[in-house]
Structure formats: C-alpha cells, structure tokens
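Note: the block below is coords.txt and it holds compact mmCIF, C-alpha atoms.
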```
# COMPACT_ATOMS: atom_id res chain seq x y z
CA MET L 1 -7.04 33.57 15.25
CA ARG L 2 -4.88 34.03 12.22
CA ILE L 3 -2.82 31.39 10.52
CA THR L 4 0.13 32.61 8.53
CA LEU L 5 1.62 30.32 5.98
CA ASP L 6 5.04 30.95 4.59
CA PHE L 7 5.73 28.73 1.62
CA TRP L 8 8.55 30.91 0.37
CA SER L 9 10.93 30.00 3.16
CA VAL L 10 10.45 26.35 2.20
CA LEU L 11 10.74 26.89 -1.54
CA SER L 12 13.95 28.86 -1.11
CA GLU L 13 15.54 25.58 -0.03
CA TRP L 14 14.77 24.12 -3.45
CA PRO L 15 18.18 22.44 -3.99
CA LEU L 16 17.36 20.09 -1.09
CA LEU L 17 13.96 19.30 -2.59
CA VAL L 18 15.45 18.61 -6.02
CA LYS L 19 18.01 16.30 -4.48
CA GLY L 20 15.22 14.54 -2.59
CA VAL L 21 13.17 14.03 -5.73
CA ALA L 22 16.23 12.67 -7.52
CA TRP L 23 16.80 10.14 -4.74
CA THR L 24 13.15 9.12 -4.66
CA LEU L 25 13.14 8.55 -8.42
CA ALA L 26 16.47 6.71 -8.36
CA LEU L 27 15.31 4.39 -5.56
CA THR L 28 12.06 3.72 -7.40
CA LEU L 29 13.76 3.07 -10.72
CA ILE L 30 16.25 0.57 -9.29
CA ALA L 31 13.63 -1.12 -7.14
CA THR L 32 11.23 -1.38 -10.09
CA VAL L 33 13.73 -2.94 -12.49
CA ILE L 34 15.08 -5.50 -10.01
CA GLY L 35 11.79 -6.01 -8.17
CA VAL L 36 9.66 -6.71 -11.23
CA GLY L 37 12.37 -8.97 -12.65
CA PHE L 38 12.44 -10.87 -9.38
CA GLY L 39 8.64 -10.94 -9.39
CA ILE L 40 8.59 -12.49 -12.86
CA ALA L 41 10.98 -15.23 -11.73
CA CYS L 42 8.87 -15.94 -8.63
CA ALA L 43 5.66 -15.84 -10.66
CA TRP L 44 7.15 -18.48 -12.93
CA VAL L 45 7.71 -20.68 -9.90
CA ARG L 46 4.23 -20.12 -8.47
CA SER L 47 2.30 -20.54 -11.68
CA GLN L 48 0.38 -23.74 -12.29
CA ASN L 49 1.39 -23.78 -15.94
CA THR L 50 5.09 -24.21 -15.22
CA ARG L 51 6.13 -27.26 -13.28
CA ALA L 52 8.58 -25.92 -10.72
CA PRO L 53 9.85 -28.23 -7.93
CA GLY L 54 7.59 -28.42 -4.90
CA TRP L 55 10.06 -27.16 -2.29
CA LEU L 56 10.77 -24.08 -4.43
CA GLN L 57 7.06 -23.35 -4.68
CA TRP L 58 6.83 -23.58 -0.91
CA VAL L 59 9.77 -21.18 -0.40
CA VAL L 60 8.36 -18.60 -2.81
CA GLY L 61 4.85 -18.96 -1.38
CA THR L 62 6.13 -18.35 2.15
CA TYR L 63 8.15 -15.35 0.99
CA VAL L 64 5.15 -13.78 -0.74
CA GLU L 65 2.79 -14.26 2.21
CA LEU L 66 5.36 -13.06 4.77
CA ILE L 67 6.01 -9.84 2.88
CA ARG L 68 2.40 -9.15 1.96
CA ASN L 69 1.24 -9.51 5.54
CA THR L 70 3.82 -7.29 7.27
CA PRO L 71 4.22 -3.49 7.00
CA PHE L 72 6.95 -2.05 4.79
CA ILE L 73 8.37 0.00 7.65
CA VAL L 74 8.95 -3.15 9.72
CA GLN L 75 10.68 -4.84 6.79
CA LEU L 76 12.88 -1.77 6.38
CA PHE L 77 13.75 -1.60 10.08
CA PHE L 78 14.46 -5.31 10.15
CA ILE L 79 16.90 -4.97 7.26
CA PHE L 80 18.56 -1.79 8.49
CA PHE L 81 18.59 -2.30 12.27
CA GLY L 82 18.12 -6.05 12.60
CA LEU L 83 20.55 -7.48 10.06
CA PRO L 84 23.68 -5.71 11.42
CA ALA L 85 23.19 -7.75 14.60
CA ALA L 86 23.49 -10.82 12.39
CA GLY L 87 26.65 -9.45 10.82
CA VAL L 88 25.28 -7.77 7.68
CA LYS L 89 25.99 -4.03 7.71
CA LEU L 90 24.27 -1.90 5.10
CA THR L 91 24.20 1.79 4.21
CA PRO L 92 20.75 3.42 4.44
CA GLU L 93 20.50 3.63 0.66
CA VAL L 94 21.32 -0.03 0.09
CA ALA L 95 18.96 -1.10 2.88
CA SER L 96 16.18 1.01 1.31
CA ILE L 97 16.71 -0.51 -2.12
CA ILE L 98 16.77 -4.05 -0.72
CA ALA L 99 13.58 -3.45 1.25
CA MET L 100 11.81 -1.96 -1.77
CA VAL L 101 12.95 -4.76 -4.06
CA ILE L 102 11.80 -7.44 -1.64
CA ASN L 103 8.48 -5.66 -1.14
CA LEU L 104 7.75 -5.04 -4.81
CA GLY L 105 8.97 -8.53 -5.69
CA ALA L 106 6.34 -10.15 -3.45
CA TYR L 107 3.44 -8.05 -4.71
CA SER L 108 4.43 -8.28 -8.37
CA THR L 109 4.74 -12.07 -8.02
CA GLU L 110 1.05 -12.31 -7.20
CA ILE L 111 0.05 -9.79 -9.87
CA ILE L 112 2.08 -11.40 -12.67
CA ARG L 113 1.07 -14.89 -11.64
CA ALA L 114 -2.56 -13.93 -12.16
CA GLY L 115 -1.65 -12.93 -15.71
CA ILE L 116 0.29 -16.12 -16.35
CA ASP L 117 -2.49 -18.33 -15.03
CA ALA L 118 -4.91 -16.65 -17.43
CA THR L 119 -2.96 -17.89 -20.45
CA PRO L 120 -5.16 -20.19 -22.55
CA LYS L 121 -3.86 -23.76 -22.49
CA GLY L 122 -4.03 -23.97 -26.27
CA GLN L 123 -1.33 -21.35 -26.64
CA ILE L 124 1.12 -23.36 -24.58
CA GLU L 125 0.25 -26.51 -26.51
CA ALA L 126 0.73 -24.61 -29.76
CA ALA L 127 4.15 -23.40 -28.59
CA VAL L 128 5.17 -26.94 -27.64
CA SER L 129 4.02 -28.27 -31.01
CA LEU L 130 6.23 -25.63 -32.65
CA ALA L 131 9.17 -27.20 -30.80
CA LEU L 132 9.80 -24.19 -28.54
CA ASN L 133 11.54 -25.23 -25.35
CA ARG L 134 10.19 -24.34 -21.89
CA MET L 135 12.24 -21.14 -21.63
CA GLN L 136 11.18 -19.91 -25.06
CA THR L 137 7.56 -20.78 -24.39
CA PHE L 138 7.63 -18.74 -21.21
CA THR L 139 9.45 -15.64 -22.48
CA ARG L 140 7.91 -15.48 -25.97
CA VAL L 141 4.42 -16.94 -25.61
CA VAL L 142 3.26 -16.77 -22.01
CA LEU L 143 4.89 -13.66 -20.54
CA PRO L 144 4.11 -10.83 -23.00
CA PRO L 145 0.31 -11.25 -23.01
CA ALA L 146 0.42 -11.92 -19.25
CA LEU L 147 2.19 -8.59 -18.66
CA LYS L 148 -0.27 -6.86 -20.95
CA LYS L 149 -3.22 -8.19 -18.96
CA VAL L 150 -1.87 -7.12 -15.57
CA TRP L 151 -0.04 -3.95 -16.60
CA PRO L 152 -2.52 -1.53 -14.91
CA SER L 153 -2.23 -3.34 -11.55
CA LEU L 154 1.53 -3.57 -11.90
CA VAL L 155 1.76 0.18 -12.58
CA SER L 156 -0.38 0.87 -9.49
CA GLN L 157 1.87 -1.33 -7.39
CA ILE L 158 5.02 0.41 -8.63
CA ILE L 159 3.47 3.75 -7.67
CA ILE L 160 2.53 2.38 -4.24
CA VAL L 161 6.17 1.38 -3.75
CA MET L 162 7.30 4.85 -4.86
CA LEU L 163 4.98 6.42 -2.28
CA GLY L 164 6.15 3.88 0.28
CA SER L 165 9.73 5.03 -0.24
CA ALA L 166 8.80 8.08 1.85
CA VAL L 167 9.35 5.81 4.84
CA CYS L 168 13.00 5.31 3.85
CA GLY L 169 13.69 8.82 5.15
CA GLN L 170 13.26 7.33 8.63
CA ILE L 171 16.58 5.50 8.27
CA SER L 172 18.17 8.70 6.87
CA THR L 173 18.03 7.87 3.19
CA GLN L 174 18.02 11.35 1.69
CA GLU L 175 14.85 11.10 -0.37
CA LEU L 176 12.02 13.59 -0.64
CA SER L 177 10.39 13.14 2.77
CA TYR L 178 13.83 13.33 4.40
CA ALA L 179 14.41 16.62 2.58
CA ALA L 180 11.06 17.94 3.83
CA ASN L 181 11.97 16.90 7.36
CA LEU L 182 15.37 18.56 7.08
CA ILE L 183 13.85 21.81 5.82
CA GLN L 184 11.26 21.95 8.58
CA SER L 185 13.94 21.33 11.18
CA ARG L 186 15.80 24.39 9.84
CA ASN L 187 12.98 26.91 9.59
CA PHE L 188 10.20 25.31 11.69
CA ARG L 189 7.75 25.61 8.78
CA ALA L 190 6.63 22.00 9.19
CA PHE L 191 3.15 22.24 7.69
CA GLU L 192 4.32 24.15 4.62
CA ALA L 193 7.27 21.81 4.04
CA PHE L 194 5.04 18.72 4.14
CA ILE L 195 2.37 20.35 1.95
CA ILE L 196 4.97 21.01 -0.71
CA ALA L 197 6.46 17.53 -0.41
CA THR L 198 2.97 16.01 -0.64
CA LEU L 199 2.18 17.98 -3.79
CA VAL L 200 5.47 16.87 -5.33
CA TYR L 201 4.61 13.25 -4.50
CA LEU L 202 1.17 13.73 -6.06
CA SER L 203 2.63 15.04 -9.29
CA LEU L 204 5.24 12.28 -9.30
CA SER L 205 2.57 9.60 -8.99
CA VAL L 206 0.41 11.18 -11.72
CA GLY L 207 3.42 11.60 -14.00
CA MET L 208 4.72 8.09 -13.35
CA ARG L 209 1.36 6.52 -14.13
CA ARG L 210 1.25 8.38 -17.48
CA LEU L 211 4.83 7.43 -18.30
CA LEU L 212 4.43 3.74 -17.46
CA ASN L 213 1.14 3.45 -19.32
CA TRP L 214 2.94 4.91 -22.33
CA LEU L 215 6.05 2.76 -21.95
CA GLY L 216 4.34 -0.58 -21.40
CA PRO L 217 2.71 -1.17 -24.80
CA ARG L 218 5.73 0.22 -26.67
CA PHE L 219 8.53 -1.74 -25.05
CA PHE L 220 7.26 -4.72 -23.10
CA PHE L 221 4.37 -6.42 -24.78
CA GLY L 222 3.33 -4.69 -28.01
CA ARG L 223 -0.07 -3.22 -28.71
CA MET P 1 22.29 -4.79 33.90
CA VAL P 2 18.85 -6.23 33.41
CA GLU P 3 18.65 -9.17 31.06
CA PHE P 4 15.65 -9.35 28.73
CA SER P 5 14.45 -12.75 27.69
CA VAL P 6 12.50 -13.35 24.50
CA TRP P 7 9.46 -13.83 26.69
CA ASP P 8 9.89 -10.31 28.15
CA ILE P 9 10.13 -8.87 24.66
CA LEU P 10 7.06 -10.76 23.49
CA ARG P 11 5.02 -9.77 26.53
CA ASN P 12 5.78 -6.09 26.04
CA LEU P 13 5.09 -6.26 22.33
CA LEU P 14 1.77 -7.99 22.94
CA GLY P 15 0.73 -5.11 25.16
CA ALA P 16 1.54 -2.66 22.37
CA ALA P 17 -0.16 -4.78 19.73
CA GLN P 18 -3.56 -4.01 21.24
CA TRP P 19 -3.09 -0.35 20.28
CA THR P 20 -2.41 -1.43 16.72
CA VAL P 21 -5.72 -3.27 16.81
CA TYR P 22 -7.62 -0.30 18.31
CA LEU P 23 -6.16 2.13 15.79
CA SER P 24 -6.99 -0.24 12.93
CA LEU P 25 -10.57 -0.54 14.14
CA ILE P 26 -10.98 3.23 14.48
CA ALA P 27 -9.56 3.81 11.01
CA PHE P 28 -11.62 1.02 9.49
CA ILE P 29 -14.93 2.01 11.06
CA GLY P 30 -14.36 5.74 10.66
CA GLY P 31 -13.12 5.26 7.12
CA GLY P 32 -16.13 3.09 6.35
CA ILE P 33 -18.57 5.78 7.51
CA VAL P 34 -16.82 8.60 5.65
CA GLY P 35 -16.37 6.37 2.61
CA LEU P 36 -20.08 5.52 2.58
CA LEU P 37 -21.04 9.20 2.79
CA LEU P 38 -18.70 9.99 -0.10
CA LEU P 39 -20.17 7.12 -2.09
CA ILE P 40 -23.72 8.37 -1.55
CA LEU P 41 -22.61 11.88 -2.47
CA ARG P 42 -21.15 10.56 -5.69
CA LEU P 43 -24.21 8.45 -6.54
CA SER P 44 -26.57 11.36 -5.87
CA LYS P 45 -25.19 12.99 -9.03
CA ALA P 46 -25.13 16.37 -7.25
CA ARG P 47 -23.30 19.01 -9.26
CA GLY P 48 -19.56 18.84 -8.76
CA ALA P 49 -19.84 15.81 -6.48
CA ASP P 50 -18.13 13.47 -8.93
CA THR P 51 -15.21 15.85 -9.46
CA PHE P 52 -14.89 16.45 -5.73
CA VAL P 53 -14.87 12.79 -4.72
CA GLY P 54 -12.64 11.90 -7.66
CA GLY P 55 -10.14 14.54 -6.59
CA TYR P 56 -10.35 13.39 -2.98
CA VAL P 57 -9.58 9.82 -3.97
CA GLN P 58 -6.74 10.87 -6.24
CA LEU P 59 -5.28 13.04 -3.49
CA PHE P 60 -5.20 10.28 -0.88
CA GLN P 61 -4.19 7.48 -3.23
CA GLY P 62 -1.51 9.56 -4.93
CA THR P 63 0.38 10.74 -1.85
CA PRO P 64 2.28 8.79 0.81
CA LEU P 65 0.39 7.90 3.96
CA LEU P 66 3.42 9.13 5.89
CA MET P 67 2.95 12.65 4.47
CA GLN P 68 -0.76 12.53 5.32
CA LEU P 69 0.13 11.64 8.89
CA PHE P 70 2.62 14.50 9.13
CA LEU P 71 0.11 16.93 7.63
CA ALA P 72 -2.57 15.86 10.09
CA TYR P 73 -0.12 16.10 12.97
CA PHE P 74 1.18 19.57 12.11
CA GLY P 75 -1.99 20.79 10.38
CA ILE P 76 -4.32 20.31 13.35
CA ALA P 77 -1.74 21.96 15.58
CA LEU P 78 -1.82 24.98 13.27
CA PHE P 79 -5.36 25.75 14.42
CA GLY P 80 -4.09 26.05 17.95
CA ILE P 81 -5.48 22.68 18.97
CA ASN P 82 -3.12 20.62 21.05
CA THR P 83 -2.84 17.42 19.03
CA SER P 84 -1.93 14.11 20.47
CA ALA P 85 -0.47 11.47 18.19
CA TRP P 86 -3.70 9.54 18.85
CA VAL P 87 -5.91 12.18 17.25
CA ALA P 88 -3.60 12.87 14.32
CA ALA P 89 -3.16 9.19 13.53
CA SER P 90 -6.90 8.49 13.78
CA VAL P 91 -7.80 11.43 11.53
CA ALA P 92 -5.17 10.66 8.89
CA LEU P 93 -5.86 6.93 8.78
CA THR P 94 -9.63 7.49 8.69
CA LEU P 95 -9.38 9.82 5.70
CA TYR P 96 -6.89 7.51 3.98
CA THR P 97 -9.13 4.47 4.51
CA SER P 98 -12.24 6.35 3.37
CA ALA P 99 -10.62 7.26 0.04
CA PHE P 100 -9.79 3.64 -0.71
CA LEU P 101 -13.09 2.20 0.51
CA THR P 102 -15.23 4.70 -1.40
CA GLU P 103 -13.35 3.79 -4.59
CA ILE P 104 -13.72 0.04 -3.96
CA TRP P 105 -17.42 0.41 -3.23
CA ARG P 106 -18.01 2.59 -6.26
CA GLY P 107 -16.81 -0.30 -8.39
CA CYS P 108 -19.22 -2.63 -6.60
CA VAL P 109 -22.19 -0.30 -7.17
CA ALA P 110 -21.18 0.10 -10.81
CA ALA P 111 -21.39 -3.70 -11.14
CA ILE P 112 -25.13 -3.59 -10.39
CA PRO P 113 -26.99 -3.73 -13.72
CA LYS P 114 -28.43 -0.41 -14.83
CA GLY P 115 -31.84 -2.04 -15.22
CA GLN P 116 -32.08 -2.34 -11.44
CA TRP P 117 -31.85 1.45 -11.09
CA GLU P 118 -34.34 1.97 -13.92
CA ALA P 119 -36.80 -0.59 -12.64
CA SER P 120 -36.74 0.83 -9.13
CA SER P 121 -37.18 4.40 -10.34
CA SER P 122 -40.09 3.29 -12.54
CA LEU P 123 -41.65 1.93 -9.32
CA ALA P 124 -41.45 5.50 -7.99
CA LEU P 125 -38.84 4.73 -5.36
CA SER P 126 -36.92 7.79 -4.21
CA PHE P 127 -33.12 7.91 -4.42
CA GLY P 128 -32.80 6.92 -0.77
CA GLU P 129 -35.23 4.02 -1.16
CA GLN P 130 -33.46 2.84 -4.30
CA LEU P 131 -30.17 2.74 -2.42
CA ARG P 132 -31.58 1.14 0.70
CA HIS P 133 -33.81 -1.52 -0.81
CA ILE P 134 -32.43 -2.26 -4.25
CA VAL P 135 -28.84 -1.26 -4.93
CA LEU P 136 -26.90 -1.45 -1.68
CA PRO P 137 -28.13 -4.92 -0.58
CA GLN P 138 -26.84 -6.31 -3.88
CA ALA P 139 -23.66 -4.25 -3.86
CA ILE P 140 -22.75 -5.26 -0.31
CA LYS P 141 -22.53 -8.88 -1.40
CA ILE P 142 -19.84 -8.08 -3.97
CA ALA P 143 -18.17 -5.55 -1.70
CA ILE P 144 -17.37 -7.80 1.26
CA PRO P 145 -14.32 -9.72 -0.07
CA PRO P 146 -12.34 -6.68 -1.29
CA THR P 147 -13.29 -4.73 1.83
CA VAL P 148 -11.98 -7.47 4.11
CA GLY P 149 -8.86 -7.59 1.95
CA PHE P 150 -8.36 -3.88 2.42
CA LEU P 151 -8.46 -4.32 6.20
CA VAL P 152 -5.00 -5.87 5.87
CA GLN P 153 -3.76 -2.65 4.26
CA VAL P 154 -5.23 -0.65 7.14
CA ILE P 155 -3.51 -2.78 9.77
CA LYS P 156 -0.20 -2.40 7.96
CA GLY P 157 -0.86 1.31 7.53
CA THR P 158 -1.11 1.83 11.30
CA ALA P 159 2.59 0.92 11.52
CA LEU P 160 3.37 4.36 10.09
CA ALA P 161 1.69 6.03 13.06
CA SER P 162 4.82 5.07 14.99
CA VAL P 163 6.66 7.81 13.08
CA ILE P 164 4.58 10.59 14.67
CA GLY P 165 5.08 9.04 18.09
CA PHE P 166 2.00 6.91 18.51
CA ILE P 167 3.03 3.95 20.63
CA GLU P 168 1.83 0.84 18.83
CA LEU P 169 3.54 -2.36 17.78
CA THR P 170 6.27 -0.82 15.59
CA LYS P 171 7.09 2.02 17.97
CA ALA P 172 7.20 -0.41 20.88
CA GLY P 173 9.56 -2.54 18.81
CA THR P 174 11.88 0.41 18.28
CA MET P 175 11.81 1.31 21.98
CA ILE P 176 12.41 -2.25 23.12
CA SER P 177 15.23 -2.78 20.65
CA ASN P 178 16.87 0.43 21.92
CA ALA P 179 16.61 -0.87 25.46
CA THR P 180 17.70 -4.44 24.84
CA PHE P 181 20.20 -4.03 21.97
CA LYS P 182 18.60 -7.03 20.30
CA PRO P 183 17.16 -5.49 17.13
CA PHE P 184 17.25 -8.75 15.20
CA VAL P 185 15.10 -10.63 17.69
CA VAL P 186 12.80 -7.69 18.40
CA TYR P 187 12.01 -6.81 14.78
CA SER P 188 11.54 -10.50 13.98
CA CYS P 189 8.95 -10.67 16.75
CA VAL P 190 7.29 -7.45 15.54
CA ALA P 191 7.07 -8.78 11.99
CA LEU P 192 5.73 -12.08 13.28
CA MET P 193 2.98 -10.32 15.24
CA TYR P 194 1.87 -8.31 12.23
CA PHE P 195 1.84 -11.56 10.30
CA VAL P 196 -0.30 -13.23 12.94
CA LEU P 197 -2.72 -10.28 12.79
CA CYS P 198 -2.87 -9.97 9.01
CA PHE P 199 -2.54 -13.47 7.63
CA PRO P 200 -5.87 -14.83 8.93
CA VAL P 201 -7.61 -11.75 7.50
CA SER P 202 -5.89 -12.31 4.14
CA LEU P 203 -6.92 -15.96 4.13
CA TYR P 204 -10.50 -15.06 5.04
CA ALA P 205 -10.66 -12.49 2.23
CA LYS P 206 -9.31 -15.05 -0.21
CA SER P 207 -11.84 -17.69 0.83
CA LEU P 208 -14.69 -15.18 0.55
CA GLU P 209 -13.51 -14.33 -2.94
CA ARG P 210 -13.35 -17.96 -3.93
CA LYS P 211 -16.83 -18.58 -2.60
CA MET P 212 -18.23 -15.66 -4.55
CA ASN P 213 -16.56 -16.76 -7.77
CA ALA P 214 -17.99 -20.23 -7.29
CA VAL P 215 -21.48 -18.75 -7.02
CA ARG P 216 -21.05 -16.71 -10.16
CA ARG P 217 -19.79 -19.60 -12.24
```

Would you mind writing the file's structure down as structure tokens?
Amino acid sequence: MRITLDFWSVLSEWPLLVKGVAWTLALTLIATVIGVGFGIACAWVRSQNTRAPGWLQWVVGTYVELIRNTPFIVQLFFIFFGLPAAGVKLTPEVASIIAMVINLGAYSTEIIRAGIDATPKGQIEAAVSLALNRMQTFTRVVLPPALKKVWPSLVSQIIIVMLGSAVCGQISTQELSYAANLIQSRNFRAFEAFIIATLVYLSLSVGMRRLLNWLGPRFFFGR
Amino acid sequence: MVEFSVWDILRNLLGAAQWTVYLSLIAFIGGGIVGLLLLILRLSKARGADTFVGGYVQLFQGTPLLMQLFLAYFGIALFGINTSAWVAASVALTLYTSAFLTEIWRGCVAAIPKGQWEASSSLALSFGEQLRHIVLPQAIKIAIPPTVGFLVQVIKGTALASVIGFIELTKAGTMISNATFKPFVVYSCVALMYFVLCFPVSLYAKSLERKMNAVRR
C-alpha cells in the first residue's frame, strides 16, 4: 500500500493560512490583554491580603470554579448558541473573544492570586508606614513582584488559551483551524492540511513563549 | 410537535455523560501506561531518549488537542484502516495525556534526592530494582495530587472529541439543542454536568495537596 502526501496543494492556499494565523494572533492578543487585566482584578478580590467584601469574594470564587471545571468548548457554545435564546446576539468573533477572556480570566485569577498571597507581610506593612494608600500599595508594592513570581505559569496559560482558540473555528470564527478545515474541504487533503496547521500552531506556541518571556521582565515587573 | 421537558433533556444528557466518563478513563489509564513507559525510557539515560521524549512532550503540549484529534482521525484512515470516532478519540487523548503525565512525573522523580539513587546503586541494585524499590515508591507519593488534578483536564479534553463525531456529553448537547431549540437550557445543563464531574475531582486534588504540604512543613 502506498500513501501519497501532497503538501503543495495545501500550501498553494497560503493566503487563507496567513489570514487564519492573523485571526488566531488577534484573538489571543485581545483575550490576553483583557483576560489578564480581569484576572488581576479578580485576584485582588480573592487574595487574603486585600480585604474585599465577602459577597464579592463569593461571586468571584464561584466564577473561577465554574469556569475551571467546565470545558472551553461548552463555554463557547453556551455563549454563541445559548445566549441568543436569552436575547444576546453575538458575531462569532465577539463570542470567541468573550469566551477566551472569561476562560483566561478565571485561570489567571488563580495564578496571580498565588503570587499575591506569597507577598511577605512586612512589605505591605512597610508600604502602609510610608503612607501609601490601598490602591498604591497593590499596584506598586504587591503586584509587580507577584507577577514576576508567577510569570512562567501565566505565560503557559496564555499559550494554552491560544491553542484553545482552535476550537473557535467550530462557530465559524475564521482562525487557523477554520482555514485548515476550509482548505481540506476544497481539495480533500485533510491530513496534509491539519499537519501544516499543527506545525504552524507549534511554531506559534514556541515563538509566543520566547516573546512573552522576553517582554515580561522588560515591561511588567523589572528584572 | 413533541414537547421536551427539562427532565427529558437531563435524562438524555445523563445517558451521554457515561461515554464522557468511559473516554476519560481510557485516556487516563492509557495515557498513564504510555507516560510511565516514556518516563522509564527517559530515566534509563539511553542515547537520544531524552531528546526524543522532550520533543514528544513539546509536540503534544505545543499544539491544540483539536488538531491532534483531527490528525488521528484522518491519519489512521490514511493507512486504509476504517476509523471510528471512538478509536481516533481514544488514540489522540491517550497520547495527549501521556505527554502531560510523563512531564508531571518527571518532575516528581527529579524531586527525589540524588543520594537515594547513589545509595541504591552502591548497594548493587540494578536500574529496574532502583526504580521499583527506591525511587518510584517515594515519587508516587508526590505524584498523586498533581496527577489527580490533571484528571480534570482529561475530562474537559474529552469534550473536544465531539468535534470528530464522538457522541459524548457535548455532542449530545448539540444534538438535543438542535432538536429542542432550547440551546440556553441545554448548554446550561451540559456545563452543569461537567461541573458535577470535575468539581469533586478538583476538590480532592486540592485536599491531597494540602495534606502533603502539611506533612512537609
């Protein structure tokens, strides 16, 4: 038995692949910025060092556990197919971004909280004795070293969300896996199309890890 | 027109949920066996083993599970074997799980002090005996909490098998919502069932972790 592979017929559709990569990166970028920001806010609520109101802690805790214990694809389907029944209509792209933000927000809450809880008590006391208010203490004293401590896990989580965005093609967001699907439906070279898409994802995740590890110390928390 | 009550939806979803459980178990057990073999291969310090296993882990952790499922589905078919979604999903999820478990367990073995290896080899234990009597019994203790925690990831991962047509909880949810036109209720129920499956496992993993930290302190 002979297996013939024809990668060329897939590669000749490169404009579709490029467009897919652009969408994947755009979704990831937006989801990362909003999601991590949201995660920081929720981590502030959940941390023991900050005294947030009890009901708010309960709301955030429920949110985190609900998201962390359900699959991303179900969250996505709920937002895209379920919410219109409740009167909220969304385009596939917006639904994808919302799902990714909510997902990353929950995971980054737990990651960042671990960093915040590891802050030595003396540092907070020192900040208070320097007359910094609660906001200043959090953004200037607690958060930067907390981010530094958890940066590797946060980077891994961002990459997991990027890889998870492959599922968004199922609701016809035109990202990379959607492009691969489209190509294979045109030329029936399914295996080759998915091999190429997989290799692109692999290089994206390697490249993103390098980039974020370089960015972190320079822009977010100092060396 | 037939009216579907919430009870009808729940009953049908419950029937599908058992396939989620079976698939999770297959992936977890299969992945555990393959992961253990990869771990032993890596520890044996055979030439090229470290590079091979490292590349394997990178490959499966650096690509989407969805792509792995598609590749298994279309790749096995390429060899002229008639694949069912069952086989493709089991193969892909097993390999995916094995990559993660072997990496988790490698960390646990690395946490065993080097002196244990040296002492056991000075007692003339062979590599297999060292693993069986000295290293693995200690490593297993550290390995249990993160392994249980990873089971949650496996259960959630099986949801993607719905995309290649394996009928489990998510796929059943899609089918039922197409039949009943009640996507809001159906997907809420689906999410709730995953939560009921995963949350106790998460809690158990957390309590194991806490217990272990208490011992170490």

Considering all atoms listed in the file, return as a PDB file with C-alpha atoms, keeping the file's coordinate frame whatever protein or nucleic-acid residues lie within 10 Å of P:Leu101, sequence-local ones (same chain, fewer than 2 positions apart) excluded.
```pdb
ATOM      1  CA  PHE P  28     -11.620   1.020   9.490  1.00  0.00           C
ATOM      2  CA  GLY P  31     -13.120   5.260   7.120  1.00  0.00           C
ATOM      3  CA  GLY P  32     -16.130   3.090   6.350  1.00  0.00           C
ATOM      4  CA  ILE P  33     -18.570   5.780   7.510  1.00  0.00           C
ATOM      5  CA  VAL P  34     -16.820   8.600   5.650  1.00  0.00           C
ATOM      6  CA  GLY P  35     -16.370   6.370   2.610  1.00  0.00           C
ATOM      7  CA  LEU P  36     -20.080   5.520   2.580  1.00  0.00           C
ATOM      8  CA  LEU P  38     -18.700   9.990  -0.100  1.00  0.00           C
ATOM      9  CA  LEU P  39     -20.170   7.120  -2.090  1.00  0.00           C
ATOM     10  CA  VAL P  57      -9.580   9.820  -3.970  1.00  0.00           C
ATOM     11  CA  LEU P  95      -9.380   9.820   5.700  1.00  0.00           C
ATOM     12  CA  TYR P  96      -6.890   7.510   3.980  1.00  0.00           C
ATOM     13  CA  THR P  97      -9.130   4.470   4.510  1.00  0.00           C
ATOM     14  CA  SER P  98     -12.240   6.350   3.370  1.00  0.00           C
ATOM     15  CA  ALA P  99     -10.620   7.260   0.040  1.00  0.00           C
ATOM     16  CA  GLU P 103     -13.350   3.790  -4.590  1.00  0.00           C
ATOM     17  CA  ILE P 104     -13.720   0.040  -3.960  1.00  0.00           C
ATOM     18  CA  TRP P 105     -17.420   0.410  -3.230  1.00  0.00           C
ATOM     19  CA  ARG P 106     -18.010   2.590  -6.260  1.00  0.00           C
ATOM     20  CA  GLY P 107     -16.810  -0.300  -8.390  1.00  0.00           C
ATOM     21  CA  ALA P 143     -18.170  -5.550  -1.700  1.00  0.00           C
ATOM     22  CA  PRO P 146     -12.340  -6.680  -1.290  1.00  0.00           C
ATOM     23  CA  THR P 147     -13.290  -4.730   1.830  1.00  0.00           C
ATOM     24  CA  PHE P 150      -8.360  -3.880   2.420  1.00  0.00           C
ATOM     25  CA  LEU P 151      -8.460  -4.320   6.200  1.00  0.00           C
TER      26      LEU P 151
END
```

Atom CA of L:Gln123 and atom CA of L:Thr137 are how many Å apart?
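Atom CA of L:Thr137 lies at a distance of 9.2 Å from atom CA of L:Gln123.
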
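You can rank L:Lys149, L:Arg51, L:Arg68, L:Arg210 by their closest distance to chain P using only C-alpha atoms, and at the top of that list sits L:Arg68.
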
Between L:Val18, L:Val150, L:Asn69, L:Val94, which is the closest to P:Leu203 once you count all atoms listed in the file?
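Under the stated criterion, the closest residue is L:Asn69.
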
Could you pull the residues within 6 Å of L:Leu17, counting all atoms listed in the file, minus those fewer than 3 positions along the same chain, as an NGL selection string?
:L and (14 or 20 or 179)

Polymer residues at most 12 Å from L:Leu212, only C-alpha atoms, same-chain spacing of 6 or more positions, as an NGL selection string
:L and (29 or 32 or 151-159 or 204-206 or 218-220)

Given only C-alpha atoms as the basis, pick out the residue of L:Ile195, L:Ile116, L:Leu202, L:Leu176 nearest to L:Lys19.
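Of L:Ile195, L:Ile116, L:Leu202, L:Leu176, the one nearest L:Lys19 is L:Leu176, counting only C-alpha atoms.
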
Counting all atoms listed in the file, which residues in stretch 5-109 of chain P sit no more than 12 Å from stretch 117-131 of chain P? For each one, give the nearest pair of atoms and the distance in Å, sorted by chain then residue number, as CSV.
```
residue,atom,partner,partner_atom,distance
P:Leu36,CA,P:Leu131,CA,11.6
P:Leu39,CA,P:Leu131,CA,10.9
P:Ile40,CA,P:Leu131,CA,8.6
P:Leu41,CA,P:Phe127,CA,11.4
P:Leu43,CA,P:Phe127,CA,9.2
P:Ser44,CA,P:Phe127,CA,7.5
P:Lys45,CA,P:Phe127,CA,10.5
P:Ala46,CA,P:Phe127,CA,12.0
P:Val109,CA,P:Leu131,CA,9.8
```
